[in-house]
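*Asks:* So I've got this file, model.pdb, and it contains PDB, C-alpha atoms:
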```
MODEL        1
ATOM      1  CA  MET A 258       0.000   0.000   0.000
ATOM      2  CA  LYS A 259       2.832   2.360   0.824
ATOM      3  CA  ARG A 260       4.431   1.597  -2.495
ATOM      4  CA  ILE A 261       1.279   2.594  -4.345
ATOM      5  CA  LEU A 262       1.134   5.888  -2.438
ATOM      6  CA  ILE A 263       4.725   6.599  -3.475
ATOM      7  CA  PHE A 264       3.965   6.028  -7.172
ATOM      8  CA  ILE A 265       0.832   8.218  -7.267
ATOM      9  CA  PRO A 266       2.730  11.541  -6.991
ATOM     10  CA  LEU A 267       5.160  10.320  -9.612
ATOM     11  CA  ILE A 268       2.289   9.587 -11.976
ATOM     12  CA  PHE A 269       0.846  13.075 -11.457
ATOM     13  CA  LEU A 270       4.241  14.685 -12.027
ATOM     14  CA  THR A 271       4.749  12.834 -15.275
ATOM     15  CA  ALA A 272       1.226  13.749 -16.401
ATOM     16  CA  CYS A 273       1.840  17.420 -15.719
ATOM     17  CA  ALA A 274       5.182  17.334 -17.479
ATOM     18  CA  SER A 275       3.734  15.741 -20.607
ATOM     19  CA  LYS A 276       1.254  18.612 -21.249
ATOM     20  CA  ARG A 277       2.122  20.747 -24.213
ATOM     21  CA  PRO A 278       1.665  24.502 -24.110
ATOM     22  CA  VAL A 279      -1.496  25.769 -25.762
ATOM     23  CA  ILE A 280      -0.762  27.896 -28.849
ATOM     24  CA  VAL A 281      -3.485  30.331 -29.818
ATOM     25  CA  LYS A 282      -3.524  31.066 -33.533
ATOM     26  CA  MET A 283      -5.112  34.365 -34.532
ATOM     27  CA  PRO A 284      -6.734  34.597 -37.939
ATOM     28  CA  PRO A 285      -5.000  36.879 -40.416
ATOM     29  CA  SER A 286      -6.233  40.455 -40.360
ATOM     30  CA  LEU A 287      -8.587  41.418 -43.149
ATOM     31  CA  PRO A 288      -9.195  44.902 -44.561
ATOM     32  CA  ALA A 289     -12.147  46.539 -42.863
ATOM     33  CA  THR A 290     -15.183  47.827 -44.713
ATOM     34  CA  THR A 291     -17.312  50.818 -43.856
ATOM     35  CA  MET A 292     -20.989  50.057 -43.254
ATOM     36  CA  THR A 293     -23.756  52.229 -44.602
ATOM     37  CA  THR A 294     -25.948  54.245 -42.243
ATOM     38  CA  ASP A 295     -28.971  52.089 -43.027
ATOM     39  CA  GLY A 296     -27.132  48.926 -42.077
ATOM     40  CA  MET A 297     -25.564  50.576 -39.050
ATOM     41  CA  GLU A 298     -28.890  51.018 -37.234
ATOM     42  CA  SER A 299     -29.722  47.327 -37.650
ATOM     43  CA  VAL A 300     -26.482  46.345 -35.876
ATOM     44  CA  ARG A 301     -25.785  49.120 -33.329
ATOM     45  CA  TYR A 302     -27.759  52.071 -32.062
ATOM     46  CA  GLY A 303     -26.069  55.448 -32.027
ATOM     47  CA  GLU A 304     -25.961  57.707 -28.997
ATOM     48  CA  ASN A 305     -28.745  60.194 -28.362
ATOM     49  CA  LEU A 306     -27.894  63.808 -27.635
ATOM     50  CA  LYS A 307     -30.198  66.443 -26.193
ATOM     51  CA  ALA A 308     -29.683  70.192 -25.826
ATOM     52  CA  TYR A 309     -30.977  72.093 -22.786
ATOM     53  CA  SER A 310     -31.220  75.891 -22.838
ATOM     54  CA  LEU A 311     -30.646  77.324 -19.371
ATOM     55  CA  GLY A 312     -31.187  80.869 -18.183
ATOM     56  CA  ARG A 313     -29.130  82.720 -15.622
ATOM     57  CA  TYR A 314     -28.707  80.883 -12.372
ATOM     58  CA  ILE A 315     -26.699  81.126  -9.163
ATOM     59  CA  ASP A 316     -23.985  78.586  -8.598
ATOM     60  CA  PRO A 317     -25.247  76.122  -5.941
ATOM     61  CA  ASN A 318     -21.739  75.759  -4.519
ATOM     62  CA  ASP A 319     -21.022  79.481  -4.292
ATOM     63  CA  SER A 320     -23.775  82.086  -3.890
ATOM     64  CA  LEU A 321     -21.394  84.818  -5.035
ATOM     65  CA  VAL A 322     -21.149  83.323  -8.541
ATOM     66  CA  MET A 323     -23.826  83.674 -11.222
ATOM     67  CA  HIS A 324     -23.793  81.721 -14.498
ATOM     68  CA  GLU A 325     -24.884  83.394 -17.716
ATOM     69  CA  ALA A 326     -27.544  81.806 -19.918
ATOM     70  CA  HIS A 327     -26.124  79.037 -22.078
ATOM     71  CA  THR A 328     -26.900  75.694 -23.705
ATOM     72  CA  ILE A 329     -25.972  72.315 -22.219
ATOM     73  CA  TYR A 330     -25.592  69.229 -24.394
ATOM     74  CA  ARG A 331     -26.132  65.905 -22.665
ATOM     75  CA  VAL A 332     -25.703  62.347 -23.876
ATOM     76  CA  GLU A 333     -29.000  60.774 -22.972
ATOM     77  CA  THR A 334     -28.203  57.261 -24.156
ATOM     78  CA  THR A 335     -24.844  55.948 -25.225
ATOM     79  CA  ALA A 336     -24.267  53.731 -28.227
ATOM     80  CA  LYS A 337     -25.324  50.109 -27.726
ATOM     81  CA  TRP A 338     -25.740  46.960 -29.737
ATOM     82  CA  ASN A 339     -29.058  46.218 -31.394
ATOM     83  CA  LEU A 340     -30.217  42.835 -30.053
ATOM     84  CA  HIS A 341     -33.595  42.837 -31.794
ATOM     85  CA  PRO A 342     -33.994  40.157 -34.464
ATOM     86  CA  HIS A 343     -33.392  41.541 -37.955
ATOM     87  CA  GLN A 344     -32.424  40.157 -41.274
ATOM     88  CA  PRO A 345     -28.679  39.631 -41.424
ATOM     89  CA  VAL A 346     -26.741  42.559 -42.762
ATOM     90  CA  HIS A 347     -24.498  41.721 -45.678
ATOM     91  CA  VAL A 348     -20.956  42.842 -44.944
ATOM     92  CA  PRO A 349     -18.467  42.136 -47.729
ATOM     93  CA  GLY A 350     -15.406  40.325 -46.438
ATOM     94  CA  GLY A 351     -13.067  40.949 -49.381
ATOM     95  CA  PRO A 352     -10.979  43.959 -50.220
ATOM     96  CA  VAL A 353     -12.736  47.286 -50.724
ATOM     97  CA  VAL A 354     -13.283  47.957 -54.407
ATOM     98  CA  GLY A 355     -16.355  50.119 -54.787
ATOM     99  CA  ILE A 356     -15.446  53.038 -52.521
ATOM    100  CA  ILE A 357     -14.474  56.165 -54.453
ATOM    101  CA  ASP A 358     -12.588  58.982 -52.822
ATOM    102  CA  PRO A 359     -14.670  62.151 -53.369
ATOM    103  CA  ALA A 360     -11.462  64.185 -53.621
ATOM    104  CA  HIS A 361     -10.549  62.251 -56.795
ATOM    105  CA  GLN A 362     -14.095  62.118 -58.157
ATOM    106  CA  ASP A 363     -15.129  64.543 -60.877
ATOM    107  CA  SER A 364     -17.618  67.116 -59.656
ATOM    108  CA  PRO A 365     -20.793  67.741 -61.680
ATOM    109  CA  ILE A 366     -20.256  70.364 -64.362
ATOM    110  CA  THR A 367     -22.965  72.978 -64.863
ATOM    111  CA  PRO A 368     -23.176  75.367 -67.844
ATOM    112  CA  ALA A 369     -22.043  78.247 -65.633
ATOM    113  CA  ILE A 370     -18.968  76.292 -64.509
ATOM    114  CA  ALA A 371     -18.174  75.291 -68.100
ATOM    115  CA  ALA A 372     -18.466  78.936 -69.234
ATOM    116  CA  GLU A 373     -16.200  80.075 -66.388
ATOM    117  CA  VAL A 374     -13.634  77.396 -67.276
ATOM    118  CA  ASP A 375     -13.689  78.502 -70.930
ATOM    119  CA  ARG A 376     -13.265  82.124 -69.873
ATOM    120  CA  GLN A 377     -10.313  81.235 -67.665
ATOM    121  CA  LYS A 378      -8.743  79.240 -70.506
ATOM    122  CA  ALA A 379      -9.114  82.202 -72.877
ATOM    123  CA  ALA A 380      -7.600  84.533 -70.271
ATOM    124  CA  THR A 381      -4.619  82.224 -69.743
ATOM    125  CA  GLN A 382      -4.088  81.963 -73.512
ATOM    126  CA  THR A 383      -4.077  85.756 -73.863
ATOM    127  CA  LEU A 384      -1.622  86.021 -70.968
ATOM    128  CA  ILE A 385       0.653  83.456 -72.624
ATOM    129  CA  ALA A 386       0.501  85.367 -75.935
ATOM    130  CA  GLN A 387       1.270  88.683 -74.175
ATOM    131  CA  SER A 388       4.200  87.130 -72.329
ATOM    132  CA  GLN A 389       5.574  85.803 -75.627
ATOM    133  CA  ARG A 390       5.280  89.260 -77.203
ATOM    134  CA  MET A 391       6.994  90.801 -74.194
ATOM    135  CA  ASN A 392       9.829  88.298 -74.469
ATOM    136  CA  GLN A 393      10.264  89.100 -78.149
ATOM    137  CA  ALA A 394      10.313  92.833 -77.414
ATOM    138  CA  LEU A 395      12.860  92.334 -74.643
ATOM    139  CA  ASN A 396      15.063  90.283 -76.959
ATOM    140  CA  GLN A 397      14.900  93.026 -79.594
ATOM    141  CA  LEU A 398      15.748  95.658 -76.995
ATOM    142  CA  ALA A 399      18.664  93.547 -75.821
ATOM    143  CA  LYS A 400      19.939  93.480 -79.406
ATOM    144  CA  ILE A 401      19.365  97.216 -79.924
ATOM    145  CA  LEU A 402      20.990  98.350 -76.653
ATOM    146  CA  PRO A 403      24.631  97.730 -77.781
ATOM    147  CA  ALA A 404      23.969  99.639 -81.025
ATOM    148  CA  THR A 405      22.448 102.548 -79.123
ATOM    149  CA  ALA A 406      25.426 102.542 -76.775
ATOM    150  CA  ARG A 407      27.768 102.762 -79.762
ATOM    151  CA  VAL A 408      25.679 105.567 -81.280
ATOM    152  CA  ALA A 409      25.791 107.443 -77.968
ATOM    153  CA  GLU A 410      29.592 107.103 -77.832
ATOM    154  CA  GLU A 411      29.891 108.344 -81.415
ATOM    155  CA  ASN A 412      27.601 111.279 -80.641
ATOM    156  CA  ALA A 413      29.732 112.165 -77.638
ATOM    157  CA  GLN A 414      32.866 112.041 -79.793
ATOM    158  CA  LEU A 415      31.187 114.187 -82.466
ATOM    159  CA  LYS A 416      30.192 116.727 -79.833
ATOM    160  CA  VAL A 417      33.776 116.927 -78.602
ATOM    161  CA  GLN A 418      35.040 117.361 -82.154
ATOM    162  CA  ALA A 419      32.398 120.009 -82.870
ATOM    163  CA  LEU A 420      33.432 121.952 -79.769
ATOM    164  CA  ALA A 421      37.074 121.730 -80.819
ATOM    165  CA  THR A 422      36.301 123.003 -84.336
ATOM    166  CA  GLU A 423      34.216 125.845 -82.903
ATOM    167  CA  ARG A 424      37.148 126.881 -80.727
ATOM    168  CA  ARG A 425      39.485 126.723 -83.720
ATOM    169  CA  LEU A 426      37.062 128.806 -85.788
ATOM    170  CA  GLU A 427      36.834 131.364 -83.013
ATOM    171  CA  ILE A 428      40.636 131.556 -82.834
ATOM    172  CA  LEU A 429      40.878 131.905 -86.632
ATOM    173  CA  GLU A 430      38.185 134.584 -86.646
ATOM    174  CA  ASP A 431      40.050 136.488 -83.929
ATOM    175  CA  GLN A 432      43.283 136.269 -85.921
ATOM    176  CA  PHE A 433      41.514 137.329 -89.123
ATOM    177  CA  ARG A 434      39.935 140.308 -87.381
ATOM    178  CA  LYS A 435      43.297 141.349 -85.966
ATOM    179  CA  GLN A 436      44.885 141.124 -89.413
ATOM    180  CA  GLN A 437      42.058 143.182 -90.938
ATOM    181  CA  ALA A 438      42.396 145.776 -88.221
ATOM    182  CA  GLU A 439      46.165 145.995 -88.808
ATOM    183  CA  ALA A 440      45.644 146.292 -92.557
ATOM    184  CA  GLN A 441      43.147 149.098 -92.100
ATOM    185  CA  THR A 442      45.508 150.979 -89.811
ATOM    186  CA  GLU A 443      48.309 150.636 -92.389
ATOM    187  CA  THR A 444      46.151 151.936 -95.220
ATOM    188  CA  THR A 445      44.811 154.890 -93.279
ATOM    189  CA  PHE A 446      48.267 156.075 -92.076
ATOM    190  CA  THR A 447      50.294 157.727 -94.953
ATOM    191  CA  PRO A 448      53.616 159.498 -94.302
ATOM    192  CA  PRO A 449      53.803 163.278 -95.211
ATOM    193  CA  VAL A 450      55.053 163.992 -98.737
ATOM    194  CA  THR A 451      57.356 167.051 -99.284
ATOM    195  CA  LEU A 452      56.838 168.716-102.666
ATOM    196  CA  SER A 453      59.361 171.058-104.072
ATOM    197  CA  VAL A 454      57.599 173.830-106.023
ATOM    198  CA  LYS A 455      59.657 175.800-108.371
ATOM    199  CA  GLY A 456      58.576 179.353-108.493
ATOM    200  CA  THR A 457      58.575 181.555-111.443
ATOM    201  CA  ASN A 458      60.736 184.068-109.697
ATOM    202  CA  ASP A 459      63.462 181.518-109.155
ATOM    203  CA  TRP A 460      66.705 183.062-110.618
TER     204      TRP A 460
ENDMDL
END
```
As structure tokens, please, write out the structure in this file.

*Replies:*
Amino acid sequence: MKRILIFIPLIFLTACASKRPVIVKMPPSLPATTMTTDGMESVRYGENLKAYSLGRYIDPNDSLVMHEAHTIYRVETTAKWNLHPHQPVHVPGGPVVGIIDPAHQDSPITPAIAAEVDRQKAATQTLIAQSQRMNQALNQLAKILPATARVAEENAQLKVQALATERRLEILEDQFRKQQAEAQTETTFTPPVTLSVKGTNDW
């Protein structure tokens, strides 16, 4: 009997040692899908909010404080699961294909929008044409500027030469006037001439 009692703990120890650890395998994650509002109410109720308009009132904790009139929003019932029997809601389990991002979706085009788009296109085309004409004019001015600079230099040189010739002419005119004045003084001044007159009574 004692031998059997000795073997019982050994049997329990071997039984505990032979247990394998339990491995929990999680299913692979699937892409979620957004439910419509109609199907949402058949699965889960949303929360109910109520607004209460209050007038002025005195703070119950401090009689020296008065609260101004304002609105209080209160959650009357929180969201909860809908346990009423309904027809099963079809939730697609595959990848989302039919959802379209409204940012990438073309907006409806009205005649007014189409006319505005055409007007903007015409305005941009006129701006492009004006910018091209301006570029051509600037290129022509860039070509003309060196020629005008050369013409300005030549004009400056001609002005200097004209001033120099005017000075020379003034000097020549002064010299000519001096020579004329000297010639006139020479012609007007005649030395006295002595005439010897033979008289009839000369013996």

*Asks:* Using Å and a single decimal, report how far atom CA of A:Gly296 sits from atom CA of A:Arg331.

*Replies:*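 Computing the Euclidean distance for atom CA of A:Arg331 and atom CA of A:Gly296 yields 25.8 Å.
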
*Asks:* Can you list what the PyMOL selection byres ((chain A and resi 298-304) around 6) grabs from this structure, as a list of chain:residue names?

*Replies:*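 Residues picked by the PyMOL selection byres ((chain A and resi 298-304) around 6): A:Asp295, A:Gly296, A:Met297, A:Asn305, A:Thr334, A:Thr335, A:Ala336, A:Lys337, A:Trp338, A:Asn339.
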
*Asks:* Just say which residues the PyMOL selection byres ((chain A and resi 328) around 12) picks in this file, as number ranges by chain.

*Replies:* A: 307-313, 324-327, 329-331

*Asks:* In Å to one decimal, how far is atom CA of A:Arg424 from atom CA of A:Val408?

*Replies:*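 Atom-to-atom, atom CA of A:Val408 to atom CA of A:Arg424, that is 24.2 Å.
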
*Asks:* For a test of reading the model, state the distance in Å between atom CA of A:Ala421 and atom CA of A:Leu402, rounded to one decimal.

*Replies:*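 Going from atom CA of A:Ala421 over to atom CA of A:Leu402, I get 28.7 Å.
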